[in-house]
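Single-structure report; data block below.
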Amino acid sequence: MRDRLTPLLWRTGLALALVCGIGLLPWLARTDPALTVLRARSAERTPTPQVLADIRAQLGLDDGPLRLLGQWAGGLWRGDAGRSWLSGAEVRPAVLHALGVSLLLMGVALVAAAGTAALVCARTLYRQGRRGRAGGGGSAVLAALPEFLTASVLATVVGVQLGWLPALGWYGPRWTVLPALALGLPAGAVLGRLLDDLLPGALAEPWAVAAAARGLPRRRIARHAVHRCLPGLLPNLGLFVVGLTGGSVAVEQIFDIPGLGRTTLQAALAQDMPVLQAGTLVLVLLAAATAGAARLATRLLTGPALRDGALPTLHRPAPPARGVQLLVLGAVLLAVVALGLPRDPLAVDTVERLRAPSWAHPFGTDALGRDLLARVAHGAFDTLLLASAIGAVALVAGLVLGALPRLSGPLADTVNAVPPVLGALLVAAVAGSGPATPVLAVSAVAWAPLAAHTSALLRQERAAPHVTAARGLGAGRRHLLRRALLPAVVPPVTRHALLRLPGTALALASLAFLGLGAQPPSPEWGLLLAENQPYAERAPWAVLAPAAVLALLGALAVSAAGGVGRRGRRRTRPPQQSPFVRDELAVAE
């Protein structure tokens with residue numbers, strides 16, 4: 001009972017701390033909420049002392065933030081989330097409507113993500129353990145594409161130029177397709193790479209070899225291999241569900257979708273605290289429900305094998321080396337940087353604005369006539385250094401916190417429920433706005449998927465027969481951690497961190513797109529995408545240049561991840577028959 005009560009109290013305390021911190025946001029930022037509300041209501045009205053005093057009296061701001069929080073929390077027990085500070089309308093119907101929109105969009109996006117993940121894993125499932133696996137370049141490109149760039153391209157090309165699907169609004173099922181693709185394609189590429197990282201280990205297990213030798217169809221073996229790998233993937237899938245619901249702010253902005261992410265963003269910018277608090281509370285509750293469903297599904301999929309220490313480890317066999325591909329991609333990236341560094345990234349020439357690529361400007365020019373090759377090359381240092389530093393910190397934090405699931409589980413669910421934009425606003429309120437704000441905001445949440453991955457792998461590895469046998473022979477915790485657990489967990493989590501390196505750069509890019517990241521004239525890649533996105537139809541090279549380099553970074557990260565932890569000696573395991581296909585083998589006999 002105590003083991004179940006402690007995580008519940010910890011999760012409740014984190015949720016209360018988050019909601020209270022958001023409720024104190026205007027006072028932490030040292031801004032006048034009355035002035036912000038007045039500007040949101042009517043930007044033309046003069047903020048005289050009398051007008052501001054009337055707004056404070058109307059909203060009860062003179063009572064102080066703690067009393068306002070107490071009144072809002074007291075109304076929750078009666079189903080009353082308060083009234084909007086801007087419109088005066090009830091908050092609960094508006095937030096629930098936005099939640100319904102986001103859940104529908106998330107569901108369609110998950111379908112698109114599942115299809116993308118299936119395409120990423122198709123070659124591995126077809127070959128079923130034979131040599132010659134795919135390099136993952138296509139999935140790396142999809143994972144490295146910014147959601148806001150994908151959304152802009154889909155809206156412009158498919159929605160406006162071709163007219164196949166509606167590009168703006170939210171009026172029916174047809175309006176869900178383009179935003180769902182913009183969200184689902186990158187998410188599916190990442191999930192597909194994680195699943196593809198686990199599949200060779202499952203397909204090399206004795207049950208899969210025996211099933212193939214006895215003539216079971218490949219489709220059936222593939223289905224059970226996916227079934228075998230899902231427990232290690234479900235925690236990250238749960239994080240994706242919450243992230244797609246509340247973190248799709250840029251996509252909802254582009255397609256004009258009244259979802260929960262956009263609602264919370266507008267409330268945060270206008271300091272409409274009742275709406276912001278209610279939206280955040282809904283996201284936290286959704287994160288808790290999703291985490292509980294993921295844990296339940298994991299127990300159902302693994303059955304008694306996890307409890308009895310009879311779950312074989314998913315050590316994957318060593319595939320062919322990809323050193324040539326890694327060297328080629330690295331050489332291309334270094335060549336781009338080397339060619340662009342001698343050029344001036346800040347030189348403005350309005351006569352040469354939006355020029356197409358040429359010998360003088362290999363990547364073309366932007367709206368101010370600045371050389372894009374120079375800006376991409378000089379921005380590489382900021383983008384790569386920041387992304388690498390955040391990735392390294394997230395990896396260490398994910399490994400350490402993942403080893404403490406009772407501490408990190410509720411904490412990861414809570415921080416993942418906060419949209420990145422809201423996290424940036426909270427960081428700016430506490431630490432002040434500046435170039436470090438997006439770095440701190442992304443670092444605060446980047447460790448969560450790595451911690452969830454570490455926790456899931458450790459849970460399965462502790463149930464492996466060789467770990468159970470070593471424990472029975474008297475091996476201590478330190479010996480098991482050093483010789484059995486860490487060698488099995490660190491390589492796949494490190495590969496996961498490398499796969500998320502482009503995603504870290506994209507998180508910084510998304511904040512820049514929404515005006516919360518690097519500011520002009522910085523050549524940071526996210527800012528390049530944001531400031532050139534309005535010219536995507538007229539001068540597509542202005543957007544394609546930084547997007548192509550981001551895609552190159554994604555392919556480079558996948559190739560580098562492919563070599564992590566693959567040179568070690570392959571562990572031999574006693575034959576184990578998986579409970580997933582025991583009945584199938586009996587039928588085959």
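Starting from 1 in every chain, residues are counted up; chains themselves are A, B, ... following the order of the structure tokens, and ligands are numbered from 1 as listed.
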Discussion item. Which residues are close to Val158 (chain A), i.e. within 12 Å by only C-alpha atoms, leaving aside same-chain residues fewer than 2 positions away? Reply as a list of chain:residue names.
Written reply: A:Thr150, A:Ala151, A:Ser152, A:Val153, A:Leu154, A:Ala155, A:Thr156, A:Val160, A:Gln161, A:Leu162, A:Gly163, A:Trp164, A:Leu165, A:Pro166, A:Ala167, A:Leu168, A:Val177, A:Leu178, A:Pro179, A:Leu181, A:Ala182
Write the residues of the preceding selection, restricted to N, CA, C and O atoms, as a short mmCIF file (atom, residue, chain, number, x, y, z; two decimals), in the first residue's frame.
```cif
data_model
loop_
_atom_site.label_atom_id
_atom_site.label_comp_id
_atom_site.auth_asym_id
_atom_site.auth_seq_id
_atom_site.Cartn_x
_atom_site.Cartn_y
_atom_site.Cartn_z
N THR A 150 6.79 21.48 -41.99
CA THR A 150 5.95 20.50 -42.66
C THR A 150 4.52 21.01 -42.79
O THR A 150 3.88 20.86 -43.83
N ALA A 151 4.03 21.64 -41.72
CA ALA A 151 2.67 22.19 -41.77
C ALA A 151 2.56 23.29 -42.81
O ALA A 151 1.57 23.36 -43.57
N SER A 152 3.55 24.16 -42.89
CA SER A 152 3.51 25.25 -43.87
C SER A 152 3.54 24.72 -45.30
O SER A 152 2.80 25.19 -46.16
N VAL A 153 4.41 23.72 -45.55
CA VAL A 153 4.50 23.15 -46.90
C VAL A 153 3.19 22.45 -47.28
O VAL A 153 2.68 22.63 -48.39
N LEU A 154 2.64 21.67 -46.36
CA LEU A 154 1.38 20.97 -46.65
C LEU A 154 0.25 21.97 -46.89
O LEU A 154 -0.57 21.80 -47.80
N ALA A 155 0.18 23.00 -46.05
CA ALA A 155 -0.89 23.99 -46.22
C ALA A 155 -0.75 24.74 -47.53
O ALA A 155 -1.75 24.99 -48.23
N THR A 156 0.49 25.09 -47.91
CA THR A 156 0.70 25.86 -49.13
C THR A 156 0.52 25.02 -50.38
O THR A 156 -0.20 25.41 -51.31
N VAL A 160 -3.45 24.95 -50.72
CA VAL A 160 -3.70 26.16 -51.51
C VAL A 160 -3.46 25.92 -52.99
O VAL A 160 -4.34 26.14 -53.83
N GLN A 161 -2.25 25.46 -53.35
CA GLN A 161 -1.92 25.33 -54.76
C GLN A 161 -2.68 24.19 -55.44
O GLN A 161 -3.24 24.38 -56.52
N LEU A 162 -2.71 23.02 -54.82
CA LEU A 162 -3.41 21.88 -55.42
C LEU A 162 -4.88 21.84 -55.05
O LEU A 162 -5.70 21.31 -55.81
N GLY A 163 -5.23 22.36 -53.89
CA GLY A 163 -6.62 22.40 -53.48
C GLY A 163 -7.22 21.05 -53.16
O GLY A 163 -8.45 20.88 -53.21
N TRP A 164 -6.39 20.08 -52.80
CA TRP A 164 -6.91 18.75 -52.51
C TRP A 164 -7.61 18.68 -51.17
O TRP A 164 -8.61 17.97 -51.01
N LEU A 165 -7.08 19.39 -50.19
CA LEU A 165 -7.62 19.35 -48.83
C LEU A 165 -7.66 20.77 -48.28
O LEU A 165 -6.86 21.62 -48.68
N PRO A 166 -8.58 21.05 -47.35
CA PRO A 166 -8.64 22.40 -46.76
C PRO A 166 -7.40 22.68 -45.93
O PRO A 166 -6.87 21.81 -45.25
N ALA A 167 -6.96 23.94 -45.99
CA ALA A 167 -5.71 24.33 -45.34
C ALA A 167 -5.93 25.09 -44.04
O ALA A 167 -5.00 25.17 -43.24
N LEU A 168 -7.09 25.66 -43.82
CA LEU A 168 -7.33 26.47 -42.63
C LEU A 168 -8.66 26.10 -42.02
O LEU A 168 -9.60 25.71 -42.72
N VAL A 177 -6.70 16.16 -41.76
CA VAL A 177 -5.70 15.35 -42.46
C VAL A 177 -4.35 16.04 -42.49
O VAL A 177 -3.32 15.48 -42.08
N LEU A 178 -4.31 17.27 -42.98
CA LEU A 178 -3.02 17.96 -43.13
C LEU A 178 -2.33 18.21 -41.79
O LEU A 178 -1.13 17.92 -41.65
N PRO A 179 -3.02 18.75 -40.78
CA PRO A 179 -2.31 18.92 -39.50
C PRO A 179 -1.90 17.60 -38.86
O PRO A 179 -0.87 17.52 -38.20
N LEU A 181 -0.94 14.92 -40.49
CA LEU A 181 0.28 14.50 -41.18
C LEU A 181 1.48 15.31 -40.70
O LEU A 181 2.57 14.76 -40.51
N ALA A 182 1.28 16.61 -40.50
CA ALA A 182 2.38 17.45 -40.02
C ALA A 182 2.87 17.00 -38.65
O ALA A 182 4.07 17.08 -38.34
#
```
Cut-off 8 Å: closest region 387-498 of chain A/region 297-306 of chain A atom pairs per residue, using only C-alpha atoms, as a tab-separated table:
```
residue	atom	partner	partner_atom	distance
A:Arg459	CA	A:Leu306	CA	7.9
A:Gln460	CA	A:Leu306	CA	6.6
A:Ala463	CA	A:Leu306	CA	5.4
```
Could you turn the residues from that selection into a file that holds N, CA, C and O atoms, as a PDB file, in the first residue's frame?
```pdb
ATOM      1  N   ARG A 459      13.592  -2.163 -16.192  1.00  0.00           N
ATOM      2  CA  ARG A 459      12.539  -3.035 -15.674  1.00  0.00           C
ATOM      3  C   ARG A 459      12.585  -4.404 -16.364  1.00  0.00           C
ATOM      4  O   ARG A 459      12.457  -5.454 -15.723  1.00  0.00           O
ATOM      5  N   GLN A 460      12.792  -4.405 -17.668  1.00  0.00           N
ATOM      6  CA  GLN A 460      12.856  -5.682 -18.390  1.00  0.00           C
ATOM      7  C   GLN A 460      14.184  -6.396 -18.149  1.00  0.00           C
ATOM      8  O   GLN A 460      14.218  -7.626 -18.049  1.00  0.00           O
ATOM      9  N   ALA A 463      14.405  -8.440 -15.080  1.00  0.00           N
ATOM     10  CA  ALA A 463      13.644  -9.684 -15.153  1.00  0.00           C
ATOM     11  C   ALA A 463      14.285 -10.713 -16.067  1.00  0.00           C
ATOM     12  O   ALA A 463      13.714 -11.786 -16.271  1.00  0.00           O
TER      13      ALA A 463
END
```
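Reported to one decimal place, the separation of CA of Pro502 (chain A) from CA of Ala417 (chain A) is 21.0 Å.
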Worksheet item: Which residues come within 6 Å of Ala34 (chain A), counting only C-alpha atoms, excluding same-chain residues fewer than 2 positions away, as a PyMOL selection string?
Response: chain A and resi 32+36-37+52+55-56
Take the selection from the previous step and output its residues with N, CA, C and O atoms, as a PDB file, in the first residue's frame.
```pdb
ATOM      1  N   ASP A  32       2.389  43.672 -14.763  1.00  0.00           N
ATOM      2  CA  ASP A  32       1.081  44.067 -14.254  1.00  0.00           C
ATOM      3  C   ASP A  32       0.014  43.303 -15.037  1.00  0.00           C
ATOM      4  O   ASP A  32      -0.202  43.588 -16.226  1.00  0.00           O
ATOM      5  N   THR A  36      -1.664  43.849 -18.999  1.00  0.00           N
ATOM      6  CA  THR A  36      -1.659  42.816 -20.042  1.00  0.00           C
ATOM      7  C   THR A  36      -3.075  42.480 -20.484  1.00  0.00           C
ATOM      8  O   THR A  36      -3.339  42.318 -21.682  1.00  0.00           O
ATOM      9  N   VAL A  37      -3.991  42.356 -19.538  1.00  0.00           N
ATOM     10  CA  VAL A  37      -5.382  42.059 -19.877  1.00  0.00           C
ATOM     11  C   VAL A  37      -5.990  43.199 -20.682  1.00  0.00           C
ATOM     12  O   VAL A  37      -6.729  42.979 -21.660  1.00  0.00           O
ATOM     13  N   LEU A  52      -6.863  50.957 -15.214  1.00  0.00           N
ATOM     14  CA  LEU A  52      -6.168  49.817 -14.616  1.00  0.00           C
ATOM     15  C   LEU A  52      -6.745  49.469 -13.248  1.00  0.00           C
ATOM     16  O   LEU A  52      -6.868  48.272 -12.898  1.00  0.00           O
ATOM     17  N   ILE A  55      -9.930  47.492 -13.732  1.00  0.00           N
ATOM     18  CA  ILE A  55      -9.673  46.096 -14.118  1.00  0.00           C
ATOM     19  C   ILE A  55      -9.211  45.294 -12.903  1.00  0.00           C
ATOM     20  O   ILE A  55      -9.637  44.135 -12.717  1.00  0.00           O
ATOM     21  N   ARG A  56      -8.357  45.885 -12.068  1.00  0.00           N
ATOM     22  CA  ARG A  56      -7.920  45.166 -10.864  1.00  0.00           C
ATOM     23  C   ARG A  56      -9.092  44.871  -9.945  1.00  0.00           C
ATOM     24  O   ARG A  56      -9.179  43.775  -9.371  1.00  0.00           O
TER      25      ARG A  56
END
```
Worksheet entry | DSSP-assigned alpha helix (DSSP H) among region 167-220 of chain A, expressed as number ranges by chain | A: 177-203, 206-213, 218-220
What does the file look like for those residues with N, CA and C atoms, as an mmCIF file, in the first residue's frame?
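For reference, part.cif as written:
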```cif
data_model
loop_
_atom_site.group_PDB
_atom_site.id
_atom_site.type_symbol
_atom_site.label_atom_id
_atom_site.label_comp_id
_atom_site.auth_asym_id
_atom_site.auth_seq_id
_atom_site.Cartn_x
_atom_site.Cartn_y
_atom_site.Cartn_z
ATOM 1 N N VAL A 177 -6.704 16.159 -41.755
ATOM 2 C CA VAL A 177 -5.703 15.351 -42.456
ATOM 3 C C VAL A 177 -4.349 16.044 -42.490
ATOM 4 N N LEU A 178 -4.308 17.269 -42.981
ATOM 5 C CA LEU A 178 -3.022 17.957 -43.132
ATOM 6 C C LEU A 178 -2.333 18.210 -41.788
ATOM 7 N N PRO A 179 -3.019 18.750 -40.779
ATOM 8 C CA PRO A 179 -2.314 18.919 -39.495
ATOM 9 C C PRO A 179 -1.905 17.600 -38.864
ATOM 10 N N ALA A 180 -2.713 16.540 -39.060
ATOM 11 C CA ALA A 180 -2.334 15.239 -38.506
ATOM 12 C C ALA A 180 -1.077 14.703 -39.180
ATOM 13 N N LEU A 181 -0.944 14.922 -40.488
ATOM 14 C CA LEU A 181 0.276 14.502 -41.178
ATOM 15 C C LEU A 181 1.480 15.309 -40.696
ATOM 16 N N ALA A 182 1.282 16.613 -40.500
ATOM 17 C CA ALA A 182 2.383 17.451 -40.018
ATOM 18 C C ALA A 182 2.870 16.999 -38.651
ATOM 19 N N LEU A 183 1.961 16.519 -37.799
ATOM 20 C CA LEU A 183 2.345 16.034 -36.473
ATOM 21 C C LEU A 183 2.804 14.579 -36.493
ATOM 22 N N GLY A 184 2.137 13.746 -37.301
ATOM 23 C CA GLY A 184 2.369 12.316 -37.252
ATOM 24 C C GLY A 184 3.632 11.853 -37.957
ATOM 25 N N LEU A 185 4.030 12.528 -39.033
ATOM 26 C CA LEU A 185 5.203 12.070 -39.769
ATOM 27 C C LEU A 185 6.483 12.144 -38.930
ATOM 28 N N PRO A 186 6.816 13.279 -38.297
ATOM 29 C CA PRO A 186 8.033 13.280 -37.467
ATOM 30 C C PRO A 186 7.930 12.354 -36.257
ATOM 31 N N ALA A 187 6.751 12.335 -35.602
ATOM 32 C CA ALA A 187 6.591 11.460 -34.435
ATOM 33 C C ALA A 187 6.721 9.996 -34.830
ATOM 34 N N GLY A 188 6.114 9.607 -35.947
ATOM 35 C CA GLY A 188 6.217 8.222 -36.404
ATOM 36 C C GLY A 188 7.623 7.828 -36.776
ATOM 37 N N ALA A 189 8.390 8.777 -37.326
ATOM 38 C CA ALA A 189 9.777 8.468 -37.676
ATOM 39 C C ALA A 189 10.599 8.171 -36.425
ATOM 40 N N VAL A 190 10.408 8.954 -35.361
ATOM 41 C CA VAL A 190 11.145 8.707 -34.122
ATOM 42 C C VAL A 190 10.716 7.395 -33.482
ATOM 43 N N LEU A 191 9.402 7.169 -33.385
ATOM 44 C CA LEU A 191 8.921 5.913 -32.799
ATOM 45 C C LEU A 191 9.361 4.714 -33.635
ATOM 46 N N GLY A 192 9.349 4.882 -34.949
ATOM 47 C CA GLY A 192 9.796 3.785 -35.811
ATOM 48 C C GLY A 192 11.260 3.449 -35.601
ATOM 49 N N ARG A 193 12.100 4.483 -35.406
ATOM 50 C CA ARG A 193 13.504 4.215 -35.162
ATOM 51 C C ARG A 193 13.704 3.503 -33.822
ATOM 52 N N LEU A 194 12.954 3.899 -32.799
ATOM 53 C CA LEU A 194 13.063 3.226 -31.507
ATOM 54 C C LEU A 194 12.625 1.772 -31.608
ATOM 55 N N LEU A 195 11.521 1.534 -32.323
ATOM 56 C CA LEU A 195 11.061 0.148 -32.491
ATOM 57 C C LEU A 195 12.038 -0.644 -33.337
ATOM 58 N N ASP A 196 12.580 -0.016 -34.364
ATOM 59 C CA ASP A 196 13.538 -0.696 -35.221
ATOM 60 C C ASP A 196 14.817 -1.030 -34.469
ATOM 61 N N ASP A 197 15.106 -0.290 -33.420
ATOM 62 C CA ASP A 197 16.278 -0.564 -32.599
ATOM 63 C C ASP A 197 16.080 -1.805 -31.728
ATOM 64 N N LEU A 198 14.822 -2.128 -31.401
ATOM 65 C CA LEU A 198 14.530 -3.279 -30.554
ATOM 66 C C LEU A 198 14.243 -4.552 -31.347
ATOM 67 N N LEU A 199 13.748 -4.412 -32.566
ATOM 68 C CA LEU A 199 13.289 -5.581 -33.322
ATOM 69 C C LEU A 199 14.372 -6.626 -33.581
ATOM 70 N N PRO A 200 15.608 -6.251 -33.966
ATOM 71 C CA PRO A 200 16.599 -7.308 -34.213
ATOM 72 C C PRO A 200 16.860 -8.186 -33.004
ATOM 73 N N GLY A 201 16.822 -7.596 -31.806
ATOM 74 C CA GLY A 201 17.002 -8.417 -30.611
ATOM 75 C C GLY A 201 15.878 -9.412 -30.427
ATOM 76 N N ALA A 202 14.632 -8.990 -30.704
ATOM 77 C CA ALA A 202 13.491 -9.912 -30.582
ATOM 78 C C ALA A 202 13.543 -10.988 -31.656
ATOM 79 N N LEU A 203 13.894 -10.608 -32.881
ATOM 80 C CA LEU A 203 13.931 -11.579 -33.978
ATOM 81 C C LEU A 203 15.093 -12.550 -33.864
ATOM 82 N N PRO A 206 15.565 -17.190 -29.423
ATOM 83 C CA PRO A 206 15.346 -18.579 -29.846
ATOM 84 C C PRO A 206 13.921 -18.862 -30.311
ATOM 85 N N TRP A 207 12.909 -18.213 -29.692
ATOM 86 C CA TRP A 207 11.534 -18.494 -30.118
ATOM 87 C C TRP A 207 11.302 -18.080 -31.569
ATOM 88 N N ALA A 208 11.919 -16.945 -31.993
ATOM 89 C CA ALA A 208 11.750 -16.496 -33.371
ATOM 90 C C ALA A 208 12.475 -17.419 -34.338
ATOM 91 N N VAL A 209 13.687 -17.860 -33.949
ATOM 92 C CA VAL A 209 14.438 -18.786 -34.796
ATOM 93 C C VAL A 209 13.679 -20.113 -34.929
ATOM 94 N N ALA A 210 13.133 -20.613 -33.808
ATOM 95 C CA ALA A 210 12.377 -21.866 -33.855
ATOM 96 C C ALA A 210 11.105 -21.722 -34.681
ATOM 97 N N ALA A 211 10.435 -20.577 -34.529
ATOM 98 C CA ALA A 211 9.211 -20.354 -35.294
ATOM 99 C C ALA A 211 9.497 -20.322 -36.785
ATOM 100 N N ALA A 212 10.596 -19.669 -37.187
ATOM 101 C CA ALA A 212 10.952 -19.622 -38.609
ATOM 102 C C ALA A 212 11.337 -21.001 -39.111
ATOM 103 N N ALA A 213 12.066 -21.781 -38.273
ATOM 104 C CA ALA A 213 12.471 -23.123 -38.694
ATOM 105 C C ALA A 213 11.276 -24.057 -38.853
ATOM 106 N N ARG A 218 5.912 -15.405 -42.074
ATOM 107 C CA ARG A 218 6.667 -14.234 -41.632
ATOM 108 C C ARG A 218 5.772 -13.190 -40.987
ATOM 109 N N ARG A 219 4.581 -13.049 -41.515
ATOM 110 C CA ARG A 219 3.675 -12.042 -40.971
ATOM 111 C C ARG A 219 3.370 -12.336 -39.513
ATOM 112 N N ARG A 220 3.172 -13.599 -39.180
ATOM 113 C CA ARG A 220 2.863 -13.956 -37.797
ATOM 114 C C ARG A 220 4.073 -13.739 -36.892
#
```
Worksheet, complete the sentence: What separates CA of Leu269 (chain A) and CA of Ala40 (chain A) is a distance of 8.8 Å
For Ala81 (chain A), list every protein, DNA or RNA residue within 9 Å, evaluated using only C-alpha atoms, and leave out those in the same chain fewer than 3 positions away; present the list as a CSV table (one decimal) with N, CA and C atoms, in the first residue's frame.
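What follows is the written file part-v5.csv:
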```
chain,number,residue,atom,x,y,z
A,72,TRP,N,-9.8,29.9,-7.0
A,72,TRP,CA,-10.0,29.1,-8.2
A,72,TRP,C,-9.9,27.6,-7.9
A,73,ALA,N,-9.0,27.2,-7.0
A,73,ALA,CA,-9.0,25.8,-6.6
A,73,ALA,C,-10.2,25.4,-5.9
A,75,GLY,N,-13.2,26.4,-6.4
A,75,GLY,CA,-14.3,26.2,-7.4
A,75,GLY,C,-14.2,24.9,-8.1
A,76,LEU,N,-13.0,24.3,-8.2
A,76,LEU,CA,-12.8,23.1,-9.0
A,76,LEU,C,-13.7,21.9,-8.4
A,78,ARG,N,-16.5,22.0,-7.3
A,78,ARG,CA,-17.9,22.2,-7.8
A,78,ARG,C,-18.0,22.2,-9.3
A,90,GLU,N,-17.4,31.4,-19.1
A,90,GLU,CA,-16.9,30.3,-18.3
A,90,GLU,C,-15.7,29.5,-18.9
A,91,VAL,N,-14.8,29.1,-18.1
A,91,VAL,CA,-13.6,28.5,-18.6
A,91,VAL,C,-13.8,27.1,-19.0
A,92,ARG,N,-14.6,26.3,-18.2
A,92,ARG,CA,-14.7,24.9,-18.3
A,92,ARG,C,-15.2,24.5,-19.7
A,274,PRO,N,-7.1,32.0,-15.3
A,274,PRO,CA,-8.1,30.9,-15.1
A,274,PRO,C,-8.0,29.9,-16.3
A,275,VAL,N,-8.0,30.4,-17.6
A,275,VAL,CA,-7.9,29.6,-18.7
A,275,VAL,C,-6.6,28.8,-18.7
A,277,GLN,N,-4.5,28.1,-16.2
A,277,GLN,CA,-4.5,27.1,-15.1
A,277,GLN,C,-5.3,25.9,-15.4
A,278,ALA,N,-6.5,26.1,-16.0
A,278,ALA,CA,-7.4,25.0,-16.3
A,278,ALA,C,-6.8,24.1,-17.4
```
Item to complete: Skip Leu296 (chain A) itself and residues of its chain fewer than 6 positions away, then list as a ChimeraX atom specification all residues within 12 Å of it, counting only C-alpha atoms.
Response: /A:231,234-235,238,289-290,302-303
Practice prompt. Identify, on the basis of only C-alpha atoms, every residue whose closest approach to region 365-375 of chain A does not exceed 10 Å; exclude the query and any residue fewer than 2 positions from it along the same chain; express the result as a ChimeraX atom specification.
Written response: /A:336-358,360-363,377-380,521-525,528,531-532,534-535,539,541-543,545-546
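Shortest separation to Ala424 (chain A) among A:Ala268, A:Arg67, A:Ala536, A:Leu550 occurs at residue A:Ala268, atoms counted being only C-alpha atoms.
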Practice prompt. For Ala387 (chain A), work out the shell of residues within 8 Å, counting only C-alpha atoms and skipping chain neighbours fewer than 5 positions away, then give it as a VMD selection string.
Written response: chain A and resid 501 to 502 504 to 505
Worksheet item: Rounded to one decimal in Å, what is the spacing between CA of Arg483 (chain A) and CA of Ser455 (chain A)?
Response: 17.5 Å
